[in-house]
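Shown next: data_23.txt, given as compact mmCIF, C-alpha atoms.
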# COMPACT_ATOMS: atom_id res chain seq x y z
CA MET A 1 -6.57 1.41 14.52
CA LYS A 2 -7.06 -1.48 12.17
CA ILE A 3 -5.43 -3.04 9.15
CA ASP A 4 -6.68 -1.03 6.21
CA HIS A 5 -5.16 -3.21 3.51
CA ILE A 6 -2.31 -5.48 2.53
CA GLY A 7 -0.46 -4.33 -0.57
CA ILE A 8 0.67 -7.03 -2.99
CA ALA A 9 3.07 -6.20 -5.81
CA THR A 10 2.18 -7.97 -9.04
CA ARG A 11 3.72 -7.84 -12.50
CA ASN A 12 0.28 -7.48 -14.04
CA LEU A 13 -3.09 -6.72 -12.44
CA ASP A 14 -4.83 -9.28 -14.64
CA GLU A 15 -2.55 -12.03 -13.26
CA GLY A 16 -3.28 -10.91 -9.71
CA LEU A 17 -7.00 -10.67 -10.36
CA ALA A 18 -7.00 -14.21 -11.75
CA VAL A 19 -6.17 -15.42 -8.24
CA TRP A 20 -7.85 -12.95 -5.89
CA ARG A 21 -11.02 -12.21 -7.88
CA ASP A 22 -11.51 -15.18 -10.19
CA ALA A 23 -10.25 -18.09 -8.07
CA LEU A 24 -11.08 -16.80 -4.58
CA GLY A 25 -14.21 -14.87 -5.54
CA LEU A 26 -13.28 -11.54 -3.94
CA GLU A 27 -15.09 -8.51 -5.30
CA VAL A 28 -13.17 -5.62 -6.81
CA ASP A 29 -14.15 -2.40 -5.04
CA GLY A 30 -12.32 -0.34 -7.62
CA THR A 31 -9.26 0.17 -9.77
CA GLU A 32 -7.34 3.38 -10.35
CA GLU A 33 -4.02 4.84 -11.35
CA VAL A 34 -2.07 6.65 -8.67
CA THR A 35 0.16 8.73 -10.93
CA GLU A 36 2.25 10.19 -8.10
CA GLN A 37 3.32 6.66 -7.10
CA LYS A 38 3.42 5.38 -10.71
CA VAL A 39 1.10 2.43 -10.02
CA ARG A 40 -2.24 1.03 -11.02
CA VAL A 41 -4.14 -0.53 -8.14
CA ALA A 42 -7.10 -2.82 -7.67
CA MET A 43 -8.77 -2.96 -4.25
CA LEU A 44 -10.49 -6.21 -3.31
CA ALA A 45 -12.66 -6.46 -0.21
CA VAL A 46 -11.92 -9.10 2.42
CA GLY A 47 -14.35 -8.44 5.24
CA ASP A 48 -13.70 -4.93 6.51
CA THR A 49 -10.18 -4.78 5.07
CA HIS A 50 -8.77 -5.04 1.54
CA VAL A 51 -6.13 -6.67 -0.58
CA GLU A 52 -4.50 -3.99 -2.76
CA LEU A 53 -2.92 -5.33 -5.93
CA LEU A 54 -0.18 -3.04 -7.26
CA GLU A 55 1.06 -2.95 -10.85
CA ALA A 56 3.98 -0.66 -11.73
CA LEU A 57 3.32 1.87 -14.49
CA SER A 58 6.98 2.80 -14.84
CA PRO A 59 10.26 0.92 -14.42
CA ASP A 60 11.42 3.60 -11.96
CA SER A 61 8.45 3.22 -9.61
CA ALA A 62 8.94 1.81 -6.12
CA VAL A 63 6.79 -1.21 -7.02
CA ALA A 64 8.84 -1.98 -10.15
CA LYS A 65 12.05 -1.78 -8.12
CA PHE A 66 10.52 -4.02 -5.45
CA ILE A 67 9.54 -6.67 -8.03
CA GLU A 68 12.95 -6.47 -9.71
CA LYS A 69 14.69 -7.06 -6.38
CA ARG A 70 12.31 -9.52 -4.66
CA GLY A 71 9.72 -10.63 -7.21
CA PRO A 72 5.95 -10.33 -6.79
CA GLY A 73 4.56 -10.65 -3.29
CA ILE A 74 3.55 -8.78 -0.17
CA HIS A 75 4.77 -5.21 -0.55
CA HIS A 76 3.35 -3.49 2.53
CA ILE A 77 0.84 -3.54 5.35
CA ALA A 78 -1.34 -0.47 5.77
CA ILE A 79 -2.71 0.62 9.13
CA GLU A 80 -5.63 3.03 9.30
CA VAL A 81 -5.02 5.91 11.71
CA HIS A 82 -7.31 8.74 12.76
CA ASP A 83 -4.68 11.50 12.61
CA ILE A 84 -1.82 10.71 10.24
CA LYS A 85 0.19 13.83 11.10
CA ALA A 86 0.06 13.04 14.83
CA SER A 87 0.97 9.39 14.13
CA LEU A 88 3.98 10.44 12.05
CA ALA A 89 5.12 12.89 14.73
CA ASN A 90 4.79 10.19 17.40
CA LEU A 91 6.75 7.66 15.35
CA LYS A 92 9.47 10.20 14.58
CA SER A 93 9.76 11.19 18.25
CA LYS A 94 10.36 7.52 19.06
CA GLY A 95 13.16 7.28 16.49
CA ALA A 96 11.31 5.67 13.57
CA ARG A 97 12.78 6.19 10.12
CA LEU A 98 10.07 7.80 7.99
CA ILE A 99 10.01 7.55 4.22
CA ASP A 100 7.37 10.27 4.15
CA GLU A 101 7.77 13.10 6.65
CA THR A 102 4.43 14.54 5.49
CA PRO A 103 1.38 12.70 4.16
CA ARG A 104 0.56 12.54 0.46
CA VAL A 105 -2.55 11.58 -1.47
CA GLY A 106 -2.88 7.86 -2.14
CA ALA A 107 -5.42 5.52 -3.72
CA GLY A 108 -9.01 6.45 -3.04
CA GLY A 109 -8.01 10.03 -2.21
CA CYS A 110 -6.90 9.16 1.32
CA LEU A 111 -3.75 10.51 2.98
CA VAL A 112 -0.85 8.07 3.17
CA ALA A 113 2.70 7.99 4.51
CA PHE A 114 5.27 5.21 4.60
CA VAL A 115 7.54 4.09 7.43
CA HIS A 116 10.83 2.44 6.47
CA PRO A 117 11.00 -1.35 7.01
CA SER A 118 14.04 -0.89 9.27
CA SER A 119 11.70 0.72 11.81
CA ALA A 120 8.89 -1.84 11.50
CA ASN A 121 10.53 -5.24 11.92
CA GLY A 122 11.40 -5.52 8.23
CA VAL A 123 7.91 -4.63 6.96
CA LEU A 124 7.14 -1.59 4.83
CA LEU A 125 4.41 0.10 6.86
CA GLU A 126 1.87 2.46 5.34
CA LEU A 127 -0.24 4.76 7.47
CA VAL A 128 -3.63 5.62 5.97
CA GLN A 129 -6.08 8.33 6.97
CA HIS A 130 -9.44 8.29 5.20
CA LEU A 131 -10.91 11.72 4.68
Before we go any further, please render this structure as structure tokens.
Amino acid sequence: MKIDHIGIATRNLDEGLAVWRDALGLEVDGTEEVTEQKVRVAMLAVGDTHVELLEALSPDSAVAKFIEKRGPGIHHIAIEVHDIKASLANLKSKGARLIDETPRVGAGGCLVAFVHPSSANGVLLELVQHL
């Protein structure tokens, strides 16, 4: 396993890119809309991991609610796993509170599932399986 990316909620991708791309010089690997999660994302490479900037596309999206409650900032940490279904089953068997019982399609077409912060020391944890 490894850290796949760190998700950062931002009010506007252009504001986020002004820091991460323009000031720090990170390259944008891609941007896309993830309609199921009501966000627009930009992935910026940092070595073999990424910073994922998240902009809400709807006021009822999880990212919009996060920003309303806490302001912009670190939203989640994503861990790459080889078998997301097995990882979810293992976490559930150990009592973890899962936000997603089954994986769904995320940015880049990978499978993703979220674990509630109450089961990950206060951090929203995303599991990612690249296909």
Could you jot down the CA of Thr31 (chain A) to CA of Met43 (chain A) separation for me, Å, one decimal place?
->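 Separation of CA of Thr31 (chain A) and CA of Met43 (chain A): 6.4 Å.
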For Ile6 (chain A), which residue among A:Ala96, A:Val19, A:Ile84, A:Leu125 is the nearest when counting all atoms listed in the file?
->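 Of A:Ala96, A:Val19, A:Ile84, A:Leu125, the one nearest Ile6 (chain A), counting all atoms listed in the file, is A:Leu125.
Taking CA of Leu17 (chain A) and CA of Leu127 (chain A) as endpoints, the distance between them is 24.5 Å.
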May I have the residues within 9 Å of Thr102 (chain A) as a list in words, using all atoms listed in the file and disregarding those fewer than 4 positions away in the same chain?
->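 Those residues are Ile84, Lys85, Leu88, Val112 and Ala113 of chain A.
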From A:Val123, A:Ile3, A:Leu13, A:Ile67, residue lying nearest Glu33 (chain A) [all atoms listed in the file] =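 Ranking A:Val123, A:Ile3, A:Leu13, A:Ile67 by distance to Glu33 (chain A), first place goes to A:Leu13.
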Length of the CA of Val34 (chain A) to CA of Asn90 (chain A) vector [Å] =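 Computing it gives 27.2 Å between the two atoms.
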Pick from A:Glu101, A:Asp83, A:Asp60, A:Asp22: nearest to Gln37 (chain A), with only C-alpha atoms counted?
->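 Ranked by minimum distance to Gln37 (chain A), first place goes to A:Asp60.
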Excluding Val115 (chain A) and residues on its chain fewer than 3 positions from it, collect all residues at most 8 Å away from it, counting all atoms listed in the file, and give them as number ranges by chain.
-> A: 96-100, 119-120, 124-127
Quick one: everything within 12 Å of Gly30 (chain A), counting all atoms listed in the file, minus sequence neighbours fewer than 6 positions away in the same chain. Send it as an MDAnalysis selection string.
-> chainID A and resid 17 21 40:45 50:53 107:108
Return the single residue from A:Leu24, A:Ala9, A:Ile79, A:Gly16 that is closest to Ala62 (chain A), with distances computed using only C-alpha atoms.
-> A:Ala9
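In this comparison, which uses all atoms listed in the file, the residue of A:His130, A:Lys92, A:Lys2, A:Lys38 approaching Val63 (chain A) most closely is A:Lys38.
Remark: for Ile8 (chain A), the closest of the candidate residues A:Pro72, A:Pro103, A:Gly122, A:Gly109 is A:Pro72 (distances computed over all atoms listed in the file).
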